[in-house]
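Beneath this line is the structure, given in C-alpha cells, with notes to follow.
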Amino acid sequence: MRRAAIVAPVRTPSGIEGGALSGMPPEWLASTVLSAVIDRSGIDPMRIEDVAMAYIGAGLPLAVPGFLTDRRCGSGLQAVITAAMMVQTGAADVVVAGGVESAANAAARHAESAGESDLRNAEELARRYGISRTEADEFAVASHRKAARAWRQGAFAAEVISVGVLDEPGSADPGLEDTGGHRILRDEGLRDDVSTYTLAALRPLLVNGVVTAGNMTAHRHGAAACLVVAEDRLADLGVTPMAYLVGWAAAGCDSGTATLGAAPAVAKLLGRTGTTLDDIDLVEVNEGFAVEVLALAREWGFDPTDRLNVNGSAIALGHPVGATGLRIMTTMLHELSRTGGNYGLEAIALGHDHGIAALFESAGSAPIAETPRGARFHGARPNRRFGRHRA
C-alpha cells in the first residue's frame with residue numbers, strides 16, 4: 001500500500017470573536033489557505049484530483065470536485081485521514097485536505113465544543129485525578145507562555161500565512177494586495193501577560209468547580225490546509241513532503257462519569273502501530289479543558305512538561321472547530337521538521353466519550369516496516385532523539 005505524504009501544511013492566524021477575522025466568510029479563509037498550499041508546494045493545480053473541504057476559488061480548476069468531512073472538532077484531521085486513504089488505495093494521487101471555521105457557523109460550533117455534559121465530565125476528571133484549580137490555571141498559563149515564546153522565537157513563522165481583511169468582507173479576492181484593508185499576521189487572543197494571579201480571579205463555571213473560562217479553550221476563527229500526495233508520485237509532481245501518515249484510530253468510551261475521550265483512540269492507535277509513547281518525539285493533545293489534558297497525562301504516566309503541546313495549544317491559540325484537527329497537525333509537523341524529530345502523535349477528544357488520534361512520521365525518518373501480524377504499520381524507531389521542552 002502506498003504511503004500518504006503530507007505536503008505544505010499551513011494555517012491562518014486564529015481570530016477571536018469580534019476580532020478582525022470574525023466577519024470573514026468561510027470561503028474567504030478557505031481560499032486563503034488553499035492558495036497558500038498551491039503556492040508553497042509549487043504543484044500544478046490541474047494535478048489536484050479532489051478537495052476534502054468546502055472551497056471556493058483558490059485558483060483551482062472548476063473541474064476539481066470537493067466534499068465535506070464532519071467529525072466535530074476532529075473534522076480537519078478527518079479530512080487529512082480521508083485524503084490519505086484515497087491516495088493509499090489508489091483512488092487518487094493528489095488530494096487537498098483542509099478545515100475552516102468562521103462566523104457563519106460560530107454559534108452552533110461553540111455550543112457543541114463546550115456542552116454542559118463535557119463541562120461536568122471535566123469536573124469529574126478533576127476530582128478523580130486530584131487536579132486542583134491551581135494546577136489547571138498553571139497549565140493554562142503555560143499554554144499561553146509557550147505560544148508567546150513560539151512567536152518570539154519564530155517557531156510559527158513557517159506555518160502561519162497572513163490573511164487579508166477587507167473593509168467590506170467578501171467583496172474582493174484574497175490574492176489582491178492593494179486594497180483598503182489590512183493583513184492579519186498573528187494569532188489573536190494570545191496573552192503573554194497572563195498569570196495564575198489573573199486567572200485566579202475568574203469564577204468557576206460550576207459551583208465549587210475547577211474549570212473557568214481561563215483554563216479551557218474558546219472559539220476561534222481560522223483555517224488550515226495541506227496536500228496529501230501518494231509517495232510514489234512525489235518526484236513526478238516535483239513536491240517535497242514534510243511527513244507521512246503512519247496510522248490513525250477513532251474510538252469511544254462507555255458512557256458514564258469521568259471519561260477520557262481521547263484515551264481509547266490513542267490506545268487503539270498505539271496497539272495497531274506497535275509503538276509506545278516513549279517512541280514519540282512530540283505529543284499534541286487538543287486543550288479543550290486543562291484538566292482533561294492533565295488527567296490524560298496522569299493516566300499515561302506522562303510528564304505534561306515533556307514533549308506535550310510544546311508550542312501551546314487550544315487554550316492559547318483557540319479552537320477553530322472545523323480547522324482544529326488540521327491546525328494541530330500543522331503546528332506539530334512544522335515543529336518536528338524544525339527540531340529534527342521523527343514521530344508525532346495527535347489526539348483530540350470529540351466530546352467526553354470518544355476521540356480520534358493519528359500518528360505521523362517526519363519525511364526525514366526511515367519508513368516503518370509492515371508487520372505480518374495484521375497491523376498496517378509497525379516498527380522500532382532508529383536514532384531516537386529526545387528533547388525536553390518547557391514553558
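By convention in this document, the chains of the C-alpha cells carry letters A, B, ... by their order, each chain's residues are numbered from 1, and ligands are numbered from 1 in the order they are shown.
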Give me, as a Markdown table, each residue of range 21-59 of chain A that comes within 12 Å of range 321-339 of chain A, together with its shortest interatomic pair and the distance in Å at one decimal, counting only C-alpha atoms, with rows ordered by chain and rising residue number.
| residue | atom | partner | partner_atom | distance |
| --- | --- | --- | --- | --- |
| A:Pro26 | CA | A:Gly322 | CA | 10.3 |
| A:Leu29 | CA | A:Ala323 | CA | 10.6 |
| A:Ala30 | CA | A:Ala323 | CA | 10.0 |
| A:Val33 | CA | A:Ala323 | CA | 11.1 |
| A:Val37 | CA | A:Thr330 | CA | 11.9 |
| A:Ala52 | CA | A:Leu326 | CA | 11.8 |
| A:Met53 | CA | A:Gly322 | CA | 9.8 |
| A:Ala54 | CA | A:Gly322 | CA | 10.9 |
Using C-alpha atoms, can you export the residues from the last selection as a PDB file, in the first residue's frame?
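again-v9.pdb, written as the output of this step:
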ATOM      1  CA  PRO A  26     -15.645  30.674   5.282  1.00  0.00           C
ATOM      2  CA  LEU A  29     -10.489  31.782   4.743  1.00  0.00           C
ATOM      3  CA  ALA A  30     -10.603  28.540   2.754  1.00  0.00           C
ATOM      4  CA  VAL A  33      -5.087  28.621   2.825  1.00  0.00           C
ATOM      5  CA  VAL A  37      -0.766  25.407  -0.248  1.00  0.00           C
ATOM      6  CA  ALA A  52     -11.638  17.280   1.233  1.00  0.00           C
ATOM      7  CA  MET A  53     -13.120  20.618   2.277  1.00  0.00           C
ATOM      8  CA  ALA A  54     -15.738  23.079   1.072  1.00  0.00           C
TER       9      ALA A  54
END
key: Nearby residues (only C-alpha atoms) at most 10 Å from Leu227 in chain A, same-chain spacing under 5 positions excluded, as a PyMOL selection string   = chain A and resi 4-10+34+37-38+41+43+48+51+80+83-84+94-98+239+241
Residues just named, written with C-alpha atoms as a PDB file, in the first residue's frame:
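For reference, again_18.pdb as written:
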ATOM      1  CA  ALA A   4       0.418   9.139   2.083  1.00  0.00           C
ATOM      2  CA  ALA A   5       2.729  12.151   2.188  1.00  0.00           C
ATOM      3  CA  ILE A   6       1.766  15.443   3.831  1.00  0.00           C
ATOM      4  CA  VAL A   7       2.918  18.403   1.742  1.00  0.00           C
ATOM      5  CA  ALA A   8       2.909  22.151   2.536  1.00  0.00           C
ATOM      6  CA  PRO A   9       0.686  22.255   5.653  1.00  0.00           C
ATOM      7  CA  VAL A  10      -0.250  25.833   6.544  1.00  0.00           C
ATOM      8  CA  LEU A  34      -5.698  26.661  -0.373  1.00  0.00           C
ATOM      9  CA  VAL A  37      -0.766  25.407  -0.248  1.00  0.00           C
ATOM     10  CA  ILE A  38      -0.617  25.612  -4.049  1.00  0.00           C
ATOM     11  CA  SER A  41       4.091  23.280  -2.944  1.00  0.00           C
ATOM     12  CA  ILE A  43       2.061  21.951  -7.745  1.00  0.00           C
ATOM     13  CA  ILE A  48      -5.205  18.044  -7.913  1.00  0.00           C
ATOM     14  CA  VAL A  51     -10.610  18.551  -2.204  1.00  0.00           C
ATOM     15  CA  VAL A  80      -6.420  14.503   6.141  1.00  0.00           C
ATOM     16  CA  ALA A  83      -7.481  12.109   1.742  1.00  0.00           C
ATOM     17  CA  ALA A  84      -4.725   9.729   2.869  1.00  0.00           C
ATOM     18  CA  VAL A  94      -3.195  14.195  -5.068  1.00  0.00           C
ATOM     19  CA  VAL A  95      -5.901  15.420  -2.703  1.00  0.00           C
ATOM     20  CA  VAL A  96      -6.184  18.711  -0.848  1.00  0.00           C
ATOM     21  CA  ALA A  97      -7.318  18.410   2.788  1.00  0.00           C
ATOM     22  CA  GLY A  98      -8.478  21.341   4.845  1.00  0.00           C
ATOM     23  CA  VAL A 239       6.734  18.354  -4.493  1.00  0.00           C
ATOM     24  CA  PRO A 241       6.882  16.009   1.676  1.00  0.00           C
TER      25      PRO A 241
END
ask   = How would you write, as a ChimeraX atom specification, the set of residues in range 126-369 of chain A that DSSP gives as helix (DSSP H, G or I)?
value = /A:126-128,133-152,196-200,231-237,263-273,277-279,290-300,314-317,321-339
Write the residues of the selection above to a file with C-alpha atoms, as a compact mmCIF listing (two decimals), in the first residue's frame.
# COMPACT_ATOMS: atom_id res chain seq x y z
CA ALA A 126 -10.52 16.86 38.21
CA ARG A 127 -11.96 15.03 41.21
CA ARG A 128 -10.92 11.55 40.09
CA ARG A 133 -7.77 24.71 40.36
CA THR A 134 -4.18 25.93 40.77
CA GLU A 135 -2.81 23.12 38.60
CA ALA A 136 -5.38 23.80 35.89
CA ASP A 137 -4.57 27.51 35.92
CA GLU A 138 -0.83 26.82 35.82
CA PHE A 139 -1.32 24.59 32.78
CA ALA A 140 -3.33 27.34 31.06
CA VAL A 141 -0.68 29.95 31.80
CA ALA A 142 1.99 27.61 30.40
CA SER A 143 -0.01 27.22 27.17
CA HIS A 144 -0.05 30.99 26.67
CA ARG A 145 3.61 31.37 27.56
CA LYS A 146 4.72 28.58 25.23
CA ALA A 147 2.70 30.04 22.34
CA ALA A 148 4.04 33.53 23.03
CA ARG A 149 7.58 32.13 23.14
CA ALA A 150 7.00 30.32 19.84
CA TRP A 151 6.06 33.62 18.20
CA ARG A 152 9.06 35.42 19.71
CA THR A 196 -2.09 32.43 37.74
CA TYR A 197 -2.96 35.55 39.73
CA THR A 198 -5.18 36.92 36.97
CA LEU A 199 -6.76 33.53 36.29
CA ALA A 200 -7.48 33.02 39.99
CA GLU A 231 4.61 8.75 -2.11
CA ASP A 232 5.37 7.22 -5.49
CA ARG A 233 4.20 10.39 -7.28
CA LEU A 234 6.24 12.93 -5.30
CA ALA A 235 9.17 13.06 -7.74
CA ASP A 236 6.94 13.24 -10.79
CA LEU A 237 4.94 16.08 -9.28
CA ALA A 263 -7.62 7.81 25.57
CA PRO A 264 -9.32 4.86 23.78
CA ALA A 265 -8.36 6.22 20.35
CA VAL A 266 -4.72 6.62 21.38
CA ALA A 267 -4.62 3.14 22.91
CA LYS A 268 -6.12 1.67 19.74
CA LEU A 269 -3.66 3.55 17.53
CA LEU A 270 -0.58 2.57 19.55
CA GLY A 271 -1.74 -1.03 19.53
CA ARG A 272 -2.18 -1.01 15.77
CA THR A 273 1.20 0.56 15.06
CA LEU A 277 4.69 6.92 23.97
CA ASP A 278 8.43 6.54 24.52
CA ASP A 279 8.85 6.20 20.74
CA ALA A 290 -6.76 21.95 31.05
CA VAL A 291 -7.97 19.28 33.48
CA GLU A 292 -8.72 16.94 30.58
CA VAL A 293 -5.15 17.10 29.28
CA LEU A 294 -3.67 16.81 32.77
CA ALA A 295 -5.88 13.79 33.51
CA LEU A 296 -4.80 12.15 30.27
CA ALA A 297 -1.14 12.73 31.14
CA ARG A 298 -1.68 11.14 34.56
CA GLU A 299 -3.47 8.19 33.01
CA TRP A 300 -0.46 7.65 30.74
CA ALA A 314 -6.05 25.50 22.11
CA ILE A 315 -6.11 27.34 25.45
CA ALA A 316 -3.74 29.92 23.96
CA LEU A 317 -4.43 29.55 20.24
CA VAL A 321 -13.61 23.81 15.46
CA GLY A 322 -13.70 22.94 11.77
CA ALA A 323 -9.96 23.57 11.43
CA THR A 324 -8.65 22.49 14.84
CA GLY A 325 -7.54 18.98 13.85
CA LEU A 326 -5.55 20.27 10.91
CA ARG A 327 -4.23 23.29 12.83
CA ILE A 328 -2.77 20.97 15.45
CA MET A 329 -1.23 18.73 12.78
CA THR A 330 0.28 21.72 11.00
CA THR A 331 1.89 23.06 14.17
CA MET A 332 3.20 19.63 15.15
CA LEU A 333 4.69 18.78 11.75
CA HIS A 334 6.46 22.11 11.46
CA GLU A 335 7.91 21.61 14.94
CA LEU A 336 9.06 18.08 14.04
CA SER A 337 10.77 19.46 10.96
CA ARG A 338 12.29 22.39 12.84
CA THR A 339 13.73 20.27 15.66
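Taking CA of Arg183 in chain A and CA of His319 in chain A as the two end points, the separation is 21.0 Å.
Taking range 139-265 of chain A and asking which residues DSSP calls strand (DSSP E or B) on the backbone, you get A:Val160, A:Val163, A:Gly164, A:Val165, A:His182, A:Arg183, A:Ile184, A:Met216, A:His219, A:His221, A:Gly222, A:Ala223, A:Ala224, A:Ala225, A:Cys226, A:Leu227, A:Val228, A:Val229, A:Ala230, A:Ala243, A:Tyr244, A:Leu245, A:Val246, A:Gly247, A:Trp248, A:Ala249, A:Ala250, A:Ala251, A:Gly252.
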Could you save the residues just selected, with C-alpha atoms, as a PDB file, in the first residue's frame?
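Heads up, here's the output in out_37.pdb:
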ATOM      1  CA  VAL A 160       1.208  30.781   9.594  1.00  0.00           C
ATOM      2  CA  VAL A 163      -4.944  36.852   5.872  1.00  0.00           C
ATOM      3  CA  GLY A 164      -6.152  39.904   4.019  1.00  0.00           C
ATOM      4  CA  VAL A 165      -9.025  41.589   5.858  1.00  0.00           C
ATOM      5  CA  HIS A 182      -5.055  45.211   6.130  1.00  0.00           C
ATOM      6  CA  ARG A 183      -3.461  41.831   6.787  1.00  0.00           C
ATOM      7  CA  ILE A 184      -3.641  39.733   9.947  1.00  0.00           C
ATOM      8  CA  MET A 216     -10.412  25.946  28.884  1.00  0.00           C
ATOM      9  CA  HIS A 219     -13.962  29.535  19.952  1.00  0.00           C
ATOM     10  CA  HIS A 221     -11.936  31.687  13.536  1.00  0.00           C
ATOM     11  CA  GLY A 222      -9.364  30.293  11.137  1.00  0.00           C
ATOM     12  CA  ALA A 223      -8.450  27.720   8.514  1.00  0.00           C
ATOM     13  CA  ALA A 224      -5.729  25.191   7.743  1.00  0.00           C
ATOM     14  CA  ALA A 225      -4.909  23.017   4.736  1.00  0.00           C
ATOM     15  CA  CYS A 226      -2.304  20.758   3.138  1.00  0.00           C
ATOM     16  CA  LEU A 227      -1.726  18.482   0.180  1.00  0.00           C
ATOM     17  CA  VAL A 228      -1.905  14.719   0.634  1.00  0.00           C
ATOM     18  CA  VAL A 229       0.139  13.011  -2.087  1.00  0.00           C
ATOM     19  CA  ALA A 230       0.967   9.404  -2.944  1.00  0.00           C
ATOM     20  CA  ALA A 243       5.740  13.990   6.831  1.00  0.00           C
ATOM     21  CA  TYR A 244       3.805  10.767   6.278  1.00  0.00           C
ATOM     22  CA  LEU A 245       0.679   9.485   7.955  1.00  0.00           C
ATOM     23  CA  VAL A 246       1.604   6.301   9.803  1.00  0.00           C
ATOM     24  CA  GLY A 247      -1.810   5.343  11.145  1.00  0.00           C
ATOM     25  CA  TRP A 248      -4.944   6.593  12.846  1.00  0.00           C
ATOM     26  CA  ALA A 249      -7.805   5.403  15.023  1.00  0.00           C
ATOM     27  CA  ALA A 250     -11.135   6.587  16.362  1.00  0.00           C
ATOM     28  CA  ALA A 251     -12.763   5.028  19.420  1.00  0.00           C
ATOM     29  CA  GLY A 252     -15.369   5.651  22.091  1.00  0.00           C
TER      30      GLY A 252
END
